[in-house]
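Report on the following structure.
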There are 2 protein chains.
Amino acid sequence: MGKKVVIVGAVAAGPKAAVRIKRLDFSAQVTLIDEDSIISYGGCGIPYYVSGDVPDEKELRSTNFHMVRDKDYFERAKGVTTLTRTKALTIDRKNKKVEIESLETGARDWLDYDALMLATGTEPFVLPIPGADLDGVFCANNIHRAVAIKERIAAGKVSSAVVIGGGAIGVEMAEALKDLWGVDTALVEFFDQLLPNLVDWEMAAILATHLRDNGVAVHLGEPAREIIGEGGTVAGVRTDKRTLAADLVIMAAGVRPRAELARAAGLHVSERGMIVVNDHMQTSDPAIYAAGDCVEITNLVSGRKFFAPLGSLANKEGRVAGDNIAGIPSTFAGGVGSFIMKAFDMSIGSAGLTLSAARAAGYDADISLTSPVDRAHFYPIHGIACFLMVFDRRTRKALGLQGIGPMGDGILARINGAAPLLCAGATIEDFNTIEMAYSPPFSAAIDSVNAASYVAENLCDNRMRKIDMREFFEYMKDPTVQPDWMMLDVRHPKESQPCVDRFGAERWLSLPYDQVRERWRELPTDKTMVVLCNAGTRSYEVQRFLDQVGGPSAVVLAGGINVVKRIDGDLLPGSAG
Amino acid sequence: MGKKVVIVGAVAAGPKAAVRIKRLDFSAQVTLIDEDSIISYGGCGIPYYVSGDVPDEKELRSTNFHMVRDKDYFERAKGVTTLTRTKALTIDRKNKKVEIESLETGARDWLDYDALMLATGTEPFVLPIPGADLDGVFCANNIHRAVAIKERIAAGKVSSAVVIGGGAIGVEMAEALKDLWGVDTALVEFFDQLLPNLVDWEMAAILATHLRDNGVAVHLGEPAREIIGEGGTVAGVRTDKRTLAADLVIMAAGVRPRAELARAAGLHVSERGMIVVNDHMQTSDPAIYAAGDCVEITNLVSGRKFFAPLGSLANKEGRVAGDNIAGIPSTFAGGVGSFIMKAFDMSIGSAGLTLSAARAAGYDADISLTSPVDRAHFYPIHGIACFLMVFDRRTRKALGLQGIGPMGDGILARINGAAPLLCAGATIEDFNTIEMAYSPPFSAAIDSVNAASYVAENLCDNRMRKIDMREFFEYMKDPTVQPDWMMLDVRHPKESQPCVDRFGAERWLSLPYDQVRERWRELPTDKTMVVLCNAGTRSYEVQRFLDQVGGPSAVVLAGGINVVKRIDGDLLPGSAG
């Protein structure tokens with residue numbers, strides 16, 4: 001008789017481990033159980049199913065050779081005993097057995113195990129506000145709910161929707177509703193930015209503008225206070241500032257790890273509710289493994305534990321757990337939370353720590369913000385991508401990279417390049433020489449990732465002095481906050497003159513980049529020059545020059561006007577994207 | 001007086017160093033010299049200029065803010081003294097001066113230096129065959145020649161062309177001629193594959209088929225023996241097998257480092273003609289630096305020196321040389337030769353060692369060949385990308401990754417992800433957990449890079465046994481070479497039956513994947529089953545199953561039918577791409 005393996009949870013990590021174990025050890029008796037009737041599905045595909053990009057929910061749970069991964073498939077093709085609509089009630093660790101209950105019949109049974117694996121995933125966090133239980137309020141965390149949402153829309157019952165929560169799922173759902181169904185869609189977010197904890201303000205501000213440009217009403221810093229109903233059905237959402245009409249509300253306020261089974265069994269569960277595992281994916285009981293969204297993993301940048309509920313990691317963790325259960329020593333060291341997302345015509349991604357997370361973790365963190373051309377600028381198809389690198393000024397360690405740019409795999413290519421270096425604890429200097437492949441249709445000769453670290457290095461060495469985007473926007477709203485600032489616009493006069501005209505020569509000076517060496521003595525000496533250009537590179541060169549010739553004090557608008565106009569296309573004349 | 005810096009060569013590494021030095025040390029007196037009148041250009045853009053994608057050659061030497069980087073620009077905007085049409089004749093190392101000659105006037109002069117930098121680049125290798133000097137034979141290595149080629153085509157003088165050499169430039173030039181000008185284009189290559197040393201046969205074979213599908217006549221293993229002329233002008237190219245008509249011949253037989261100045265000065269030059277530098281980019285004379293295509297660098301996979309004439313590396317090396325010249329200690333450790341290229345509707349890339357290079361370097365090298373869906377298969381826009389990972393069976397070290405797939409940044413995203421790990425000496429297991437960002441529009445939950453290393457691991461552990469593509473093609477050409485093989489096609493019968501019909505049931509057996517567990521006893525036991533499916537994943541699972549139940553001996557067709565049909569769309573019925 002082979003080893004008895006019981007796996008609780010059959011979405012991603014669970015099935016991955018189950019089939020890996022069977023391939024490694026044919027004799028293993030693997031039982032996969034799940035409360036749901038629908039198993040082994042791509043949860044990340046739900047927004048694309050709701051949008052209609054994916055016509056049939058079955059595609060989310062099919063192989064790429066078009067077999068539906070249901071109970072029958074796991075049993076017939078994989079040799080895995082599969083119990084759906086079955087709940088694991090308790091674990092008897094002493095006698096190594098799990099009590100299960102059929103959700104169909106109520107029948108209970110005990111399953112013996114030599115190894116048990118918990119892949120219990122997450123549950124959506126439902127905001128404790130009035131009306132959260134109204135008809136028409138949905139989480140988007142499983143296929144049943146996705147089907148219900150889509151049926152409601154397809155039936156013509158939804159003309160307006162509110163998404164509560166501006167995380168990845170919230171943004172994807174807002175796009176799905178607006179873009180493909182034309183639903184009047186608003187998104188409300190508690191924090192003052194989209195994708196909190198995933199990216200920093202600058203990236204999120206560009207994303208918010210892009211969503212608004214595509215017709216999604218984005219309301220930031222506006223927690224939903226109440227979901228309003230009429231006759232038991234949702235009618236609207238009230239924030240501190242407004243009431244939004246809604247026939248449909250998507251509750252996308254985040255997810256929480258499901259660890260109740262582990263906790264009841266006395267396994268070590270973290271304060272924040274995640275199951276604690278070692279790098280073999282073993283819990284505090286060596287016969288019990290856990291993997292997927294329910295566990296905490298090591299953040300390889302900070303060394304701290306974190307919650308990274310990502311399908312990519314769940315599969316990797318599941319495979320490592322499967323290896324170890326089958327007797328192959330295999331380790332999962334942790335991750336950096338690599339993330340990528342489509343939003344209308346843009347893609348946005350990140351890896352590692354955000355500035356705020358880095359500061360909270362005690363780093364002397366700062367950012368480099370860049371906005372390079374995303375391929376050789378002479379190649380006919382190109383665009384601007386914006387990158388934000390987080391680094392530690394004290395140790396020169398690279399802490400994170402974020403990017404937003406045109407839809408396609410260009411941002412992915414940089415996040416994927418950065419992630420392995422971040423995992424390895426790389427410094428800015430390591431990023432300077434990271435070898436990104438180059439050819440004009442794909443990148444500039446100096447890749448965006450290298451360019452980002454060059455700026456970080458120049459900042460670390462105090463060769464570059466900058467003001468950040470938020471400071472610039474605050475100044476533009478109220479110039480009196482910085483009475484000694486003067487904008488020094490080094491772009492071509494055709495670009496800079498409209499700004500001089502609008503803001504006045506006492507605030508906005510035009511001096512083209514290639515004339516600075518001849519004409520710098522014309523500059524006022526009693527002001528701080530805020531040097532501006534499109535991407536920030538000419539500005540840096542001018543700042544360096546002024547430093548070295550003893551010109552007026554100067555700082556660079558980091559990221560340049562490319563970023564400004566992507567956050568607010570109306571702020572500067574002649575610069576709308 | 002500041003430090004005197006002389007830089008010989010003003011294409012990529014030279015200008016990069018010059019402007020970096022000026023930013024770091026304003027007092028430095030930097031002189032940049034070049035034999036050409038045209039400097040600081042994107043040589044990699046030449047095929048796109050010839051094709052017409054880039055209308056004006058000036059764009060190849062402009063900044064992204066549309067200033068032409070000429071002598072005047074470097075002097076006015078950068079403060080760098082720039083001498084074009086000027087040749088460096090000799091280096092007097094003892095007295096630290098360089099003799100230069102004006103190619104306009106013949107006037108000679110000596111320039112003193114505190115630091116000298118050689119960025120002398122490469123020269124094209126012109127095959128020593130008759131006719132190489134005929135009118136109409138061009139290298140594509142500088143802008144003057146590119147202009148001449150384009151003028152000739154635009155004047156309607158070119159109806160047929162032959163490209164000699166199937167390296168990256170040869171392939172790009174063939175595309176430029178065929179795709180945008182409709183010129184009847186042939187490509188001849190000495191080796192039996194395109195992109196020798198950059199990728200292995202399987203990847204190159206897919207590329208060759210794609211070029212042929214797009215109308216380029218590709219002749220492999222056919223060295224050009226003679227260029228035939230008529231009245232001093234090119235009329236054709238003769239190989240061992242045929243004579244090809246040609247009004248234009250592009251000589252793209254590779255490049256050689258230019259080290260004559262270094263050699264004459266007694267600096268250390270390698271046997272293969274590259275300037276030897278340390279990781280500060282210093283030559284054997286500490287006052288003389290070298291960077292760019294003329295130097296040898298360390299291959300971070302093999303530890304050996306190699307020749308990597310890539311614009312991306314030239315810029316990085318130039319920056320490091322500039323740092324050190326300006327007094328900032330900075331190092332360049334080496335590279336893995338990351339490479340990416342567009343070819344019609346596909347992109348192809350690589351990093352690290354090829355199988356043949358790895359074997360030549362003494363590794364017990366093998367490959368994993370995979371052909372996964374390049375995004376979530378349920379996402380409406382997706383394709384197949386093929387990957388080849390090279391690894392060392394003895395040490396389990398990952399040695400290289402190659403990929404070919406639909407045009408876009410998808411292959412780039414995987415090469416960029418692999419390169420930092422290869423630089424760090426990663427093992428297969430490190431690749432198993434490399435964190436590639438995931439979302440359905442960008443990748444599968446198990447990224448192609450992870451999938452490639454999973455297969456490599458299964459091969460290393462002898463869990464997977466395979467036959468390689470070349471063996472399969474040889475067998476299909478002549479089944480008698482492997483009389484005990486039988487194809488076991490585990491695809492859906494709709495896909496497998498046409499093969500059974502064509503090749504006969506004694507050679508080609510259909511047994512659908514999900515029926516193997518029930519029906520494996522029907523298989524003949526006196527044959528070796530070559531298990532086939534689209535991507536190879538089902539095949540592996542079936543092989544593992546047969547191993548463990550004591551079924552017939554089985555091997556997997558690595559890479560699967562996805563690769564077969566991309567190499568030869570006619571070989572199998574019903575499988576044309």
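Letters A, B, ... mark the chains of the structure tokens in the order given; residue numbers begin at 1 per chain; ligand numbers begin at 1, in order shown.
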
Handout entry: 10 Å contact set for Leu220 in chain B, only C-alpha atoms, chain neighbours under 2 positions out, as a PyMOL selection string
Key = chain B and resi 165-166+187-194+208+217-218+222-223

Handout entry: range 293-301 of chain A environment, 6 Å, only C-alpha atoms, sequence neighbours closer than 6 positions dropped, as a list of chain:residue names
Key = A:Thr120, A:Gly121, A:Thr122, A:Pro257, A:Arg258, A:Met274, A:Ile275, A:Val276, A:Phe307, A:Pro309, A:Gly334, A:Gly335, A:Val336, A:Cys423

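The residues of range 306-393 of chain A that DSSP assigns to helix (DSSP H, G or I) on this backbone come out as Gly311, Ser312, Leu313, Ala314, Asn315, Lys316, Glu317, Gly318, Arg319, Val320, Ala321, Gly322, Asp323, Asn324, Ile325, Leu355, Ser356, Ala357, Ala358, Arg359 and Ala360 of chain A.
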
Handout entry: Test item, strand (DSSP E or B) assignment across range 169-275 of chain A, answer as a PyMOL selection string
Key = chain A and resi 184-189+217-220+224-230+233-239+243-245+248-251+255-257+269+275

For the selection you just gave me, I'd like the residues written to a file as a CSV table (one decimal), in the first residue's frame, keeping N, CA and C atoms.
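As a result, result.csv now contains:
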chain,number,residue,atom,x,y,z
A,184,ASP,N,-22.3,51.8,-16.6
A,184,ASP,CA,-21.8,53.0,-16.0
A,184,ASP,C,-21.2,52.6,-14.7
A,185,THR,N,-19.8,52.7,-14.6
A,185,THR,CA,-19.1,52.1,-13.5
A,185,THR,C,-18.3,53.1,-12.7
A,186,ALA,N,-18.5,53.0,-11.4
A,186,ALA,CA,-17.7,53.8,-10.5
A,186,ALA,C,-16.9,52.8,-9.6
A,187,LEU,N,-15.7,53.3,-9.1
A,187,LEU,CA,-14.9,52.6,-8.2
A,187,LEU,C,-14.6,53.4,-7.0
A,188,VAL,N,-14.8,52.9,-5.8
A,188,VAL,CA,-14.5,53.7,-4.6
A,188,VAL,C,-13.4,53.0,-3.9
A,189,GLU,N,-12.5,53.7,-3.3
A,189,GLU,CA,-11.3,53.1,-2.6
A,189,GLU,C,-11.1,53.9,-1.4
A,217,ALA,N,-15.5,56.1,-13.2
A,217,ALA,CA,-15.5,57.1,-12.2
A,217,ALA,C,-14.7,56.6,-11.0
A,218,VAL,N,-13.5,57.2,-10.8
A,218,VAL,CA,-12.6,56.7,-9.7
A,218,VAL,C,-12.7,57.7,-8.6
A,219,HIS,N,-13.1,57.2,-7.4
A,219,HIS,CA,-13.2,58.0,-6.2
A,219,HIS,C,-12.2,57.5,-5.2
A,220,LEU,N,-11.2,58.2,-4.9
A,220,LEU,CA,-10.1,57.8,-4.0
A,220,LEU,C,-10.3,58.4,-2.6
A,224,ALA,N,-16.5,53.3,1.3
A,224,ALA,CA,-18.0,53.1,1.2
A,224,ALA,C,-18.5,53.0,2.6
A,225,ARG,N,-19.6,53.7,2.9
A,225,ARG,CA,-20.1,53.7,4.2
A,225,ARG,C,-21.4,52.9,4.3
A,226,GLU,N,-22.1,52.8,3.2
A,226,GLU,CA,-23.3,52.1,3.2
A,226,GLU,C,-23.7,51.6,1.8
A,227,ILE,N,-24.3,50.4,1.7
A,227,ILE,CA,-24.9,50.0,0.5
A,227,ILE,C,-26.4,50.2,0.6
A,228,ILE,N,-26.9,50.9,-0.3
A,228,ILE,CA,-28.3,51.3,-0.1
A,228,ILE,C,-29.2,50.3,-0.9
A,229,GLY,N,-30.3,49.9,-0.3
A,229,GLY,CA,-31.1,49.0,-1.0
A,229,GLY,C,-32.5,49.5,-1.2
A,230,GLU,N,-33.2,48.9,-2.2
A,230,GLU,CA,-34.6,49.2,-2.4
A,230,GLU,C,-35.3,47.9,-2.6
A,233,THR,N,-33.0,44.8,-2.8
A,233,THR,CA,-32.0,44.8,-3.9
A,233,THR,C,-31.2,46.1,-3.9
A,234,VAL,N,-29.9,45.9,-4.3
A,234,VAL,CA,-29.0,47.1,-4.2
A,234,VAL,C,-29.5,48.2,-5.1
A,235,ALA,N,-29.3,49.4,-4.6
A,235,ALA,CA,-29.7,50.6,-5.4
A,235,ALA,C,-28.6,51.6,-5.5
A,236,GLY,N,-27.6,51.6,-4.6
A,236,GLY,CA,-26.6,52.6,-4.6
A,236,GLY,C,-25.5,52.3,-3.5
A,237,VAL,N,-24.5,53.1,-3.5
A,237,VAL,CA,-23.4,53.1,-2.6
A,237,VAL,C,-23.2,54.5,-2.1
A,238,ARG,N,-23.1,54.6,-0.7
A,238,ARG,CA,-22.9,56.0,-0.2
A,238,ARG,C,-21.5,56.0,0.4
A,239,THR,N,-20.8,57.1,0.0
A,239,THR,CA,-19.5,57.3,0.6
A,239,THR,C,-19.6,58.6,1.5
A,243,THR,N,-23.4,59.8,-3.1
A,243,THR,CA,-24.1,58.6,-3.2
A,243,THR,C,-24.2,58.2,-4.7
A,244,LEU,N,-23.7,57.0,-5.0
A,244,LEU,CA,-23.6,56.5,-6.4
A,244,LEU,C,-24.7,55.5,-6.6
A,245,ALA,N,-25.4,55.7,-7.7
A,245,ALA,CA,-26.4,54.7,-8.1
A,245,ALA,C,-25.7,53.4,-8.5
A,248,LEU,N,-25.6,47.0,-9.3
A,248,LEU,CA,-24.7,45.9,-9.0
A,248,LEU,C,-23.5,46.5,-8.2
A,249,VAL,N,-23.2,45.8,-7.2
A,249,VAL,CA,-22.0,46.2,-6.4
A,249,VAL,C,-21.0,45.0,-6.3
A,250,ILE,N,-19.8,45.3,-6.7
A,250,ILE,CA,-18.7,44.3,-6.6
A,250,ILE,C,-17.9,44.6,-5.3
A,251,MET,N,-17.9,43.7,-4.4
A,251,MET,CA,-17.2,43.9,-3.1
A,251,MET,C,-15.8,43.3,-3.4
A,255,VAL,N,-8.8,40.1,0.4
A,255,VAL,CA,-9.1,38.7,0.8
A,255,VAL,C,-8.3,38.4,2.1
A,256,ARG,N,-8.8,37.4,2.8
A,256,ARG,CA,-8.2,37.0,4.1
A,256,ARG,C,-7.9,35.5,4.0
A,257,PRO,N,-6.7,35.1,4.5
A,257,PRO,CA,-6.4,33.7,4.5
A,257,PRO,C,-7.4,32.9,5.3
A,269,VAL,N,-0.3,29.5,13.5
A,269,VAL,CA,-1.0,30.5,12.6
A,269,VAL,C,-0.5,31.8,13.0
A,275,ILE,N,-1.2,30.7,7.8
A,275,ILE,CA,-0.6,29.4,8.3
A,275,ILE,C,0.9,29.6,8.1

Exercise for the section: Within 12 Å of Glu57 in chain B, counting only C-alpha atoms, which residues show up once you throw out same-chain ones fewer than 6 positions away? Write them as a list of chain:residue names, please. Expected result: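 Here the answer would be A:Phe378, A:Tyr379, B:Ile38, B:Ile39, B:Tyr41, B:Gly42, B:Gly43, B:Gly45, B:Ile46, B:Pro47, B:Tyr48, B:Tyr49, B:Val50, B:Ser51, B:Val68, B:Arg69, B:Asn142, B:Ile143, B:His144, B:Arg145, B:Ala146, B:Val147, B:Ala148, B:Lys150, B:Glu151.
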
Exercise for the section: Could you check how far CA of Glu99 in chain B sits from CA of Leu111 in chain B, in Å to one decimal? Expected result: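 Computed distance, CA of Glu99 in chain B to CA of Leu111 in chain B, equals 6.4 Å.
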
Close residues, range 113-117 of chain A itself excluded, 9 Å, only C-alpha atoms, min 4 positions apart in chain, as a PDB file with C-alpha atoms, in the first residue's frame:
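The result, stored in result26.pdb:
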ATOM      1  CA  LYS A   3       1.441   6.526   1.191  1.00  0.00           C
ATOM      2  CA  LYS A   4      -1.948   8.067   2.050  1.00  0.00           C
ATOM      3  CA  VAL A   5      -2.120  11.748   1.145  1.00  0.00           C
ATOM      4  CA  VAL A   6      -5.105  13.976   1.849  1.00  0.00           C
ATOM      5  CA  ILE A   7      -5.245  17.430   0.305  1.00  0.00           C
ATOM      6  CA  VAL A   8      -7.822  19.958   1.496  1.00  0.00           C
ATOM      7  CA  GLY A   9      -8.551  22.547  -1.172  1.00  0.00           C
ATOM      8  CA  GLY A  14      -3.918  21.531  -4.052  1.00  0.00           C
ATOM      9  CA  ALA A  17       0.507  18.979  -5.521  1.00  0.00           C
ATOM     10  CA  ASN A  95      -4.141   9.599  14.958  1.00  0.00           C
ATOM     11  CA  LYS A  96      -3.438  11.284  11.634  1.00  0.00           C
ATOM     12  CA  LYS A  97      -6.935  11.501  10.315  1.00  0.00           C
ATOM     13  CA  VAL A  98      -9.308  14.140   9.032  1.00  0.00           C
ATOM     14  CA  GLN A 282       5.595  22.097   6.315  1.00  0.00           C
ATOM     15  CA  PRO A 286       5.750  17.879  10.138  1.00  0.00           C
ATOM     16  CA  ALA A 287       3.075  15.550   8.753  1.00  0.00           C
ATOM     17  CA  ILE A 288       0.946  18.507   7.689  1.00  0.00           C
ATOM     18  CA  TYR A 289       1.892  20.728   4.778  1.00  0.00           C
ATOM     19  CA  ALA A 290       0.265  23.924   3.607  1.00  0.00           C
ATOM     20  CA  ALA A 291       0.580  25.932   0.406  1.00  0.00           C
ATOM     21  CA  ALA A 321       4.839  20.643  -1.050  1.00  0.00           C
ATOM     22  CA  GLY A 322       4.117  17.793  -3.465  1.00  0.00           C
ATOM     23  CA  ILE A 325       5.320  14.715   0.429  1.00  0.00           C
TER      24      ILE A 325
END

Handout entry: Two-atom distance - CA of Ala246 in chain A, CA of Ala168 in chain A (Å)
Key = 20.7 Å

Got a sec: who's within 8 Å of Asp366 in chain A, counting only C-alpha atoms, leaving out chain neighbours fewer than 3 positions off, as a short mmCIF file (atom, residue, chain, number, x, y, z; two decimals) with N, CA and C atoms, in the first residue's frame?
data_model
loop_
_atom_site.label_atom_id
_atom_site.label_comp_id
_atom_site.auth_asym_id
_atom_site.auth_seq_id
_atom_site.Cartn_x
_atom_site.Cartn_y
_atom_site.Cartn_z
N LEU A 355 7.55 52.10 -1.77
CA LEU A 355 8.24 53.09 -0.92
C LEU A 355 7.66 53.07 0.49
N VAL A 390 12.47 51.59 -6.13
CA VAL A 390 12.61 51.89 -4.70
C VAL A 390 13.97 51.36 -4.25
N PHE A 391 14.69 52.16 -3.52
CA PHE A 391 16.03 51.73 -3.07
C PHE A 391 16.31 52.29 -1.69
N ASP A 392 17.33 51.70 -1.07
CA ASP A 392 17.73 52.12 0.26
C ASP A 392 18.97 53.00 0.14
N ARG A 393 18.87 54.24 0.56
CA ARG A 393 20.01 55.16 0.40
C ARG A 393 21.20 54.73 1.24
#

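With distances restricted to only C-alpha atoms, B:Gly410 is the closest residue to chain A from B:Gly574, B:Gly410, B:Gly156, B:Gly559.
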
Exercise for the section: May I have the residues within 10 Å of Cys460 in chain B as a ChimeraX atom specification, using only C-alpha atoms and disregarding those fewer than 4 positions away in the same chain? Expected result: /B:366-368,391-396,428,454-456,464-465

Export of the given selection (N, CA and C atoms) as a CSV table (one decimal), in the first residue's frame:
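Saved the output as out_35.csv:
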chain,number,residue,atom,x,y,z
B,366,ASP,N,22.5,19.1,-21.7
B,366,ASP,CA,21.3,18.5,-22.4
B,366,ASP,C,20.3,19.7,-22.5
B,367,ILE,N,19.2,19.4,-23.2
B,367,ILE,CA,18.2,20.5,-23.3
B,367,ILE,C,16.9,20.0,-22.9
B,368,SER,N,16.1,21.0,-22.4
B,368,SER,CA,14.6,20.7,-22.3
B,368,SER,C,14.0,21.6,-23.4
B,391,PHE,N,21.1,22.8,-19.9
B,391,PHE,CA,21.5,22.6,-18.5
B,391,PHE,C,22.6,21.6,-18.5
B,392,ASP,N,23.2,21.5,-17.3
B,392,ASP,CA,24.3,20.6,-17.1
B,392,ASP,C,23.7,19.4,-16.2
B,393,ARG,N,23.7,18.2,-16.8
B,393,ARG,CA,23.2,17.1,-16.0
B,393,ARG,C,24.0,16.8,-14.8
B,394,ARG,N,25.3,17.1,-14.8
B,394,ARG,CA,26.1,16.7,-13.7
B,394,ARG,C,25.9,17.6,-12.5
B,395,THR,N,25.9,18.9,-12.7
B,395,THR,CA,25.8,19.9,-11.6
B,395,THR,C,24.4,20.5,-11.5
B,396,ARG,N,23.5,20.2,-12.4
B,396,ARG,CA,22.2,20.7,-12.5
B,396,ARG,C,22.2,22.2,-12.7
B,428,ILE,N,18.9,24.5,-12.0
B,428,ILE,CA,17.6,24.3,-12.5
B,428,ILE,C,16.5,24.6,-11.4
B,454,TYR,N,11.1,22.9,-15.0
B,454,TYR,CA,10.4,21.7,-14.5
B,454,TYR,C,10.8,20.5,-15.4
B,455,VAL,N,10.8,20.7,-16.7
B,455,VAL,CA,11.1,19.6,-17.6
B,455,VAL,C,12.6,19.3,-17.5
B,456,ALA,N,13.5,20.3,-17.4
B,456,ALA,CA,14.9,20.0,-17.2
B,456,ALA,C,15.1,19.2,-15.9
B,464,MET,N,12.0,11.8,-16.7
B,464,MET,CA,11.6,11.9,-18.1
B,464,MET,C,12.7,11.3,-19.0
B,465,ARG,N,12.3,10.5,-20.0
B,465,ARG,CA,13.2,10.1,-21.0
B,465,ARG,C,12.6,10.6,-22.3

Problem - Neighbour list for Thr84 in chain A as a ChimeraX atom specification, cut-off 6 Å, only C-alpha atoms, skip fewer than 5 positions in-chain - result: /A:33-37

How about saving the chosen residues, C-alpha atoms kept, as a PDB file, in the first residue's frame?
ATOM      1  CA  ILE A  33     -11.255  17.356  -1.280  1.00  0.00           C
ATOM      2  CA  ASP A  34     -13.057  20.644  -1.724  1.00  0.00           C
ATOM      3  CA  GLU A  35     -16.242  22.243  -0.461  1.00  0.00           C
ATOM      4  CA  ASP A  36     -17.098  23.411  -3.938  1.00  0.00           C
ATOM      5  CA  SER A  37     -18.386  21.411  -6.875  1.00  0.00           C
TER       6      SER A  37
END
